[in-house]
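S.K.: Mind looking over this structure? Questions follow.
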Amino acid sequence: MKGRLYGVGLGPGDPELVTVKTARLIGEADVIAYHAARHGRSIARSIALPYMSGDQIEELLLYPLTTETTDHPGGYQGALDDFYADCAERLAAHLDAGRTVVVLAEGDPLFYGSYMHMHKRLAHRYETEVVPGVTSVSAASAVLGRPLVERDEVLTVLPGTLPAEALAERLRETDSAAVLKLGRTFGKVRDALAEAGRLDDAWYVERATMGAERVAPLKDVDADGVPYFSLALLTSPAERAFVPEAVTADASRAELSGARPGAAQGEGPETARDEARGPVRGDTPETARDEVPGPVLGDAPGLVRAEVPGAARGEGPGEVLVVGLGPAGRSWLTPEAQGALAAATDIVGYGPYVDRVPPNPRQRRHRTDNRVEAERARHALELARDGARVAVVSSGDPGVFAMASAIMEAAEDFPDVPVRIVPGLTAAQAVASRVGAPLGHDYCVVSLSDLLKPWEVVAGRLTAAARADLVLALYNPASRSRTWQLAAARDLLLEHRDAATPVVIGRNVGGEQESVTVTTLGELDPGQVDMRCLLIVGSSTTRVTDRGLVYTPRRYP
């Protein structure tokens with residue numbers, strides 16, 4: 001039995017404006033899908049978060065571009081069409097497996113919303129329901145306290161992306177109007193309002209119902225810094241002409257000074273709320289918005305080369321993306337890495353690293369041992385050759401003692417398979433950040449492992465770095481089978497470094513069992529170091545402050 005698709009409107013941004021039905025569907029869904037721009041942050045997810053169960057599959061639909069140029073053969077629209085088609089097939093895999101899929105949309109799903117592109121591609125194939133939401137236009141009218149239209153007045157909704165002449169013509173002819181998608185179009189919209197003779201009547205509303213809400217006469221707004229999630233509003237002409245019978249002199253003065261009806265006492269014509277009521281929002285999105293990052297996507301743990309029904313596969317060669325997961329959890333993951341993992345059909349890597357990618361039954365997982373890098377690389381390239389979109393995961397950065405090099409070497413035998421490296425935050429950077437700036441001057445990175453190179457090479461490089469007075473970041477300092485190398489490295493360094501040289505030991509940085517210790521080269525105890533550690537050995541100029549912070553000055557000596 002196929003699953004059911006829902007497109008749900010979340011309203012203008014305040015989580016309390018989510019409808020009861022939408023909240024229920026979010027909580028009951030098997031799969032929650034949401035769009036985001038390339039930064040990976042999703043306002044839709046942040047609005048829906050209070051209603052999510054916490055154990056649902058999440059599909060991040062990451063736009064490949066928003067306003068950028070592209071070399072896609074179909075141009076900008078062609079790139080977006082391919083993206084929407086790919087997203088639709090990812091959701092279809094869940095629906096074919098019988099899962100309920102809820103696609104989140106700010107505002108109303110069918111009012112300038114990204115959901116409509118999923119609806120057009122899926123509604124004829126699956127049982128579908130659209131749940132309306134409060135639009136940004138209604139929210140803006142509410143925060144202004146001014147009616148949009150009454151009796152037989154006409155309301156016109158316009159995108160700010162229209163040509164200036166078309167905007168001016170339509171604004172001149174209508175009674176009331178809402179112009180959305182301001183941002184970089186604000187100057188053009190203001191000019192069109194002036195050309196239409198409507199500028200003095202226009203209001204500017206930014207992020208209605210949210211903590212950063214702002215309201216002002218549009219003619220007083222500086223074009224610099226106007227966000228995409230703002231709109232221009234021409235409210236009901238009848239309301240502007242109406243004068244209450246019992247109006248007081250004070251009220252008249254307030255109206256003449258620009259204060260808006262219904263404003264809280266003490267508010268002027270331009271307000272910015274201080275209370276943090278939720279994330280910034282908008283309900284348009286031919287581009288995606290910015291706010292709280294959503295999680296990346298993966299699959300059920302424990303599967304090795306498992307076949308997943310409905311997994312999307314291409315007709316020709318796919319792609320291999322070698323993805324750096326950073327040193328720990330989601331907060332250390334870059335938006336680019338989030339997008340690569342979200343779009344993958346297959347996740348390949350050392351078992352514990354694959355387990356760091358949250359489950360997604362749409363994807364297949366291939367867990368391998370730590371010492372089969374060459375085999376892992378070839379397997380990933382074979383999958384991509386057969387049409388899969390493969391994410392090969394590494395901790396930290398994939399180009400630092402990780403899978404990128406193995407993939408590039410194996411890729412020489414797969415000339416038709418595209419390979420892309422997606423960088424990640426390195427362990428050295430993570431450990432350094434916990435204590436200050438020990439990598440503030442020249443430094444080098446050395447692995448103490450002698451599994452792939454003889455110890456004599458390691459020793460020679462340590463000696464050269466010590467003589468050059470470089471800060472050292474030491475990877476792979478110890479393991480169950482390598483117990484003597486760190487002590488040997490310490491002794492080599494002490495031939496050229498003072499025993500008081502600062503040493504930072506970072507263990508499992510970013511994880512639940514994180515620990516960071518600042519000691520000295522002379523007091524370094526190899527017995528306290530294991531494979532989860534990274535060491536930073538300072539230079540002659542590295543300092544430890546009275547507060548225990550460590551830094552290497554940028555000037556030398």
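In the structure tokens, each chain is lettered A, B, ... as it comes, each chain's residues begin at 1, and ligands are numbered from 1 in order of appearance.
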Give me every helix (DSSP H, G or I) residue in stretch 94-138 of chain A, going by DSSP on the backbone, as a ChimeraX atom specification.

M.R.: /A:94-96,115-122,136-138

S.K.: Find the residues around stretch 193-206 of chain A up to 7 Å (only C-alpha atoms counted), leave out those fewer than 6 positions away in its own chain, and share them as an MDAnalysis selection string.

M.R.: chainID A and resid 140 168:169 171:172 213:219 229:234

S.K.: Please provide as a list in words all residues within 10 Å of A:Thr22, with the sequence filter that same-chain residues fewer than 4 positions apart are discarded (counting only C-alpha atoms).

M.R.: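 The residues that qualify are Tyr6, Gly7, Val8, Gly9, Leu10, Gly11, Val18, Ile26, Gly27, Glu28, Ala48, Tyr51, Val102, Leu104, Val130, Val131, Pro132 and Gly133 of chain A.
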
S.K.: Taking into account only C-alpha atoms, which residue in the set A:His94, A:Arg24, A:Arg555, A:Arg420 is nearest to A:Glu336?

M.R.: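 The shortest atom-to-atom distance to A:Glu336 comes from A:Arg420.
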
S.K.: Could you pull the residues within 8 Å of A:Gln56, counting only C-alpha atoms, minus those fewer than 3 positions along the same chain, as a ChimeraX atom specification?

M.R.: /A:29-32,52-53

S.K.: Got time to write the residues from that selection, all heavy atoms, as a short mmCIF file (atom, residue, chain, number, x, y, z; two decimals), in the first residue's frame?

M.R.:
```
data_model
loop_
_atom_site.label_atom_id
_atom_site.label_comp_id
_atom_site.auth_asym_id
_atom_site.auth_seq_id
_atom_site.Cartn_x
_atom_site.Cartn_y
_atom_site.Cartn_z
N ALA A 29 3.66 12.00 11.23
CA ALA A 29 4.32 11.66 9.96
C ALA A 29 5.45 10.67 10.15
O ALA A 29 6.15 10.67 11.17
CB ALA A 29 4.84 12.93 9.30
N ASP A 30 5.65 9.83 9.13
CA ASP A 30 6.83 8.97 9.09
C ASP A 30 8.05 9.74 8.59
O ASP A 30 9.17 9.52 9.04
CB ASP A 30 6.59 7.78 8.15
CG ASP A 30 5.44 6.90 8.60
OD1 ASP A 30 5.38 6.57 9.80
OD2 ASP A 30 4.59 6.56 7.75
N VAL A 31 7.79 10.64 7.62
CA VAL A 31 8.87 11.40 6.98
C VAL A 31 8.51 12.88 7.00
O VAL A 31 7.39 13.26 6.66
CB VAL A 31 9.08 10.95 5.52
CG1 VAL A 31 10.21 11.74 4.87
CG2 VAL A 31 9.37 9.46 5.44
N ILE A 32 9.47 13.71 7.42
CA ILE A 32 9.31 15.16 7.39
C ILE A 32 10.30 15.70 6.36
O ILE A 32 11.50 15.48 6.46
CB ILE A 32 9.61 15.81 8.76
CG1 ILE A 32 8.71 15.24 9.85
CG2 ILE A 32 9.47 17.32 8.67
CD1 ILE A 32 7.26 15.63 9.73
N MET A 52 7.29 18.03 16.19
CA MET A 52 7.90 16.82 15.68
C MET A 52 8.13 15.83 16.82
O MET A 52 8.39 16.22 17.96
CB MET A 52 9.21 17.16 14.95
CG MET A 52 8.99 17.95 13.67
SD MET A 52 10.50 18.68 12.95
CE MET A 52 11.47 17.21 12.64
N SER A 53 8.08 14.53 16.50
CA SER A 53 8.17 13.50 17.53
C SER A 53 9.61 13.22 17.96
O SER A 53 9.84 12.68 19.04
CB SER A 53 7.54 12.20 17.03
OG SER A 53 8.29 11.66 15.95
#
```

S.K.: So that I can check the surroundings of stretch 453-464 of chain A, please list as an NGL selection string every protein, DNA and RNA residue that reaches within 12 Å of it, counting only C-alpha atoms and ignoring chain neighbours fewer than 2 positions away.

M.R.: :A and (443-451 or 466-477 or 482 or 484-497 or 537)

S.K.: Write out as a list of chain:residue names the residues lying within 7 Å of stretch 433-440 of chain A, counting only C-alpha atoms and excluding same-chain residues fewer than 2 positions away.

M.R.: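 These residues fall inside the cut-off: A:Gln429, A:Ala430, A:Val431, A:Tyr443, A:Val471, A:Gly538, A:Thr542, A:Leu549, A:Val550, A:Tyr551, A:Thr552, A:Pro553, A:Arg554.
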
S.K.: Go ahead and write the selection's residues with all heavy atoms as a compact mmCIF listing (two decimals), in the first residue's frame.

M.R.:
```
# COMPACT_ATOMS: atom_id res chain seq x y z
N GLN A 429 41.66 21.63 14.07
CA GLN A 429 40.94 22.89 14.28
C GLN A 429 40.02 22.80 15.49
O GLN A 429 39.89 23.76 16.26
CB GLN A 429 40.14 23.23 13.02
CG GLN A 429 40.99 23.57 11.82
CD GLN A 429 40.18 23.62 10.54
OE1 GLN A 429 39.31 22.77 10.31
NE2 GLN A 429 40.45 24.59 9.70
N ALA A 430 39.35 21.67 15.64
CA ALA A 430 38.42 21.51 16.75
C ALA A 430 39.13 21.57 18.08
O ALA A 430 38.71 22.26 19.02
CB ALA A 430 37.66 20.18 16.61
N VAL A 431 40.25 20.83 18.20
CA VAL A 431 41.00 20.83 19.46
C VAL A 431 41.56 22.23 19.73
O VAL A 431 41.48 22.74 20.87
CB VAL A 431 42.12 19.79 19.41
CG1 VAL A 431 43.04 19.92 20.64
CG2 VAL A 431 41.53 18.38 19.36
N TYR A 443 52.32 25.95 11.19
CA TYR A 443 52.25 24.65 11.86
C TYR A 443 52.25 23.55 10.81
O TYR A 443 52.02 23.79 9.62
CB TYR A 443 51.01 24.54 12.75
CG TYR A 443 49.69 24.47 12.03
CD1 TYR A 443 49.10 23.24 11.76
CD2 TYR A 443 49.02 25.63 11.66
CE1 TYR A 443 47.87 23.18 11.11
CE2 TYR A 443 47.79 25.57 11.00
CZ TYR A 443 47.23 24.34 10.73
OH TYR A 443 46.02 24.26 10.09
N VAL A 471 54.74 24.61 15.12
CA VAL A 471 53.74 23.93 15.95
C VAL A 471 53.36 22.64 15.23
O VAL A 471 53.29 22.60 14.00
CB VAL A 471 52.50 24.82 16.16
CG1 VAL A 471 51.40 24.06 16.90
CG2 VAL A 471 52.88 26.09 16.90
N GLY A 538 53.27 22.85 20.99
CA GLY A 538 53.57 24.23 20.68
C GLY A 538 54.98 24.45 20.16
O GLY A 538 55.84 23.55 20.19
N THR A 542 54.83 29.62 21.64
CA THR A 542 53.48 29.31 22.14
C THR A 542 53.38 29.64 23.63
O THR A 542 54.29 29.31 24.41
CB THR A 542 53.15 27.83 21.89
OG1 THR A 542 53.28 27.56 20.49
CG2 THR A 542 51.73 27.51 22.33
N LEU A 549 44.40 29.57 28.73
CA LEU A 549 44.26 29.57 27.28
C LEU A 549 45.64 29.45 26.63
O LEU A 549 46.65 29.89 27.19
CB LEU A 549 43.58 30.86 26.82
CG LEU A 549 42.15 31.07 27.34
CD1 LEU A 549 41.62 32.42 26.89
CD2 LEU A 549 41.25 29.95 26.86
N VAL A 550 45.65 28.86 25.45
CA VAL A 550 46.91 28.62 24.74
C VAL A 550 46.86 29.36 23.40
O VAL A 550 45.86 29.27 22.68
CB VAL A 550 47.12 27.11 24.50
CG1 VAL A 550 48.46 26.86 23.81
CG2 VAL A 550 47.03 26.33 25.80
N TYR A 551 47.95 30.05 23.06
CA TYR A 551 47.99 30.72 21.76
C TYR A 551 49.43 30.80 21.28
O TYR A 551 50.38 30.78 22.06
CB TYR A 551 47.38 32.12 21.82
CG TYR A 551 48.21 33.14 22.56
CD1 TYR A 551 49.04 34.02 21.86
CD2 TYR A 551 48.17 33.24 23.95
CE1 TYR A 551 49.82 34.96 22.53
CE2 TYR A 551 48.93 34.18 24.63
CZ TYR A 551 49.75 35.04 23.92
OH TYR A 551 50.52 35.95 24.57
N THR A 552 49.58 30.88 19.97
CA THR A 552 50.89 31.10 19.33
C THR A 552 50.82 32.44 18.63
O THR A 552 50.00 32.62 17.71
CB THR A 552 51.20 29.99 18.32
OG1 THR A 552 51.17 28.73 18.97
CG2 THR A 552 52.57 30.21 17.69
N PRO A 553 51.63 33.42 19.03
CA PRO A 553 51.56 34.75 18.42
C PRO A 553 51.82 34.69 16.92
O PRO A 553 52.56 33.83 16.43
CB PRO A 553 52.67 35.54 19.14
CG PRO A 553 52.89 34.79 20.42
CD PRO A 553 52.65 33.35 20.10
N ARG A 554 51.24 35.62 16.21
CA ARG A 554 51.41 35.66 14.76
C ARG A 554 52.77 36.23 14.36
O ARG A 554 53.23 35.99 13.25
CB ARG A 554 50.29 36.46 14.12
CG ARG A 554 48.91 35.81 14.35
CD ARG A 554 47.85 36.43 13.51
NE ARG A 554 48.19 36.38 12.09
CZ ARG A 554 47.55 37.09 11.16
NH1 ARG A 554 46.57 37.89 11.52
NH2 ARG A 554 47.90 37.01 9.90
```

S.K.: Calculated over only C-alpha atoms, which of the candidates A:Ser236, A:Gln363, A:Thr209, A:Thr426 has the smallest distance to A:Pro327?

M.R.: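 Ranked by minimum distance to A:Pro327, first place goes to A:Thr426.
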
S.K.: Out of A:Tyr34, A:Pro227, A:Val544, A:Ser539, which residue has the shortest atom-to-atom distance to A:Ala465 when counting only C-alpha atoms?

M.R.: A:Ser539

S.K.: Using only C-alpha atoms, pick whichever of A:His441, A:Arg330, A:Arg507, A:Arg378 has the shortest atom-to-atom distance to A:Gly40.

M.R.: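 Going through A:His441, A:Arg330, A:Arg507, A:Arg378 one by one, the smallest distance to A:Gly40 is for A:Arg330.
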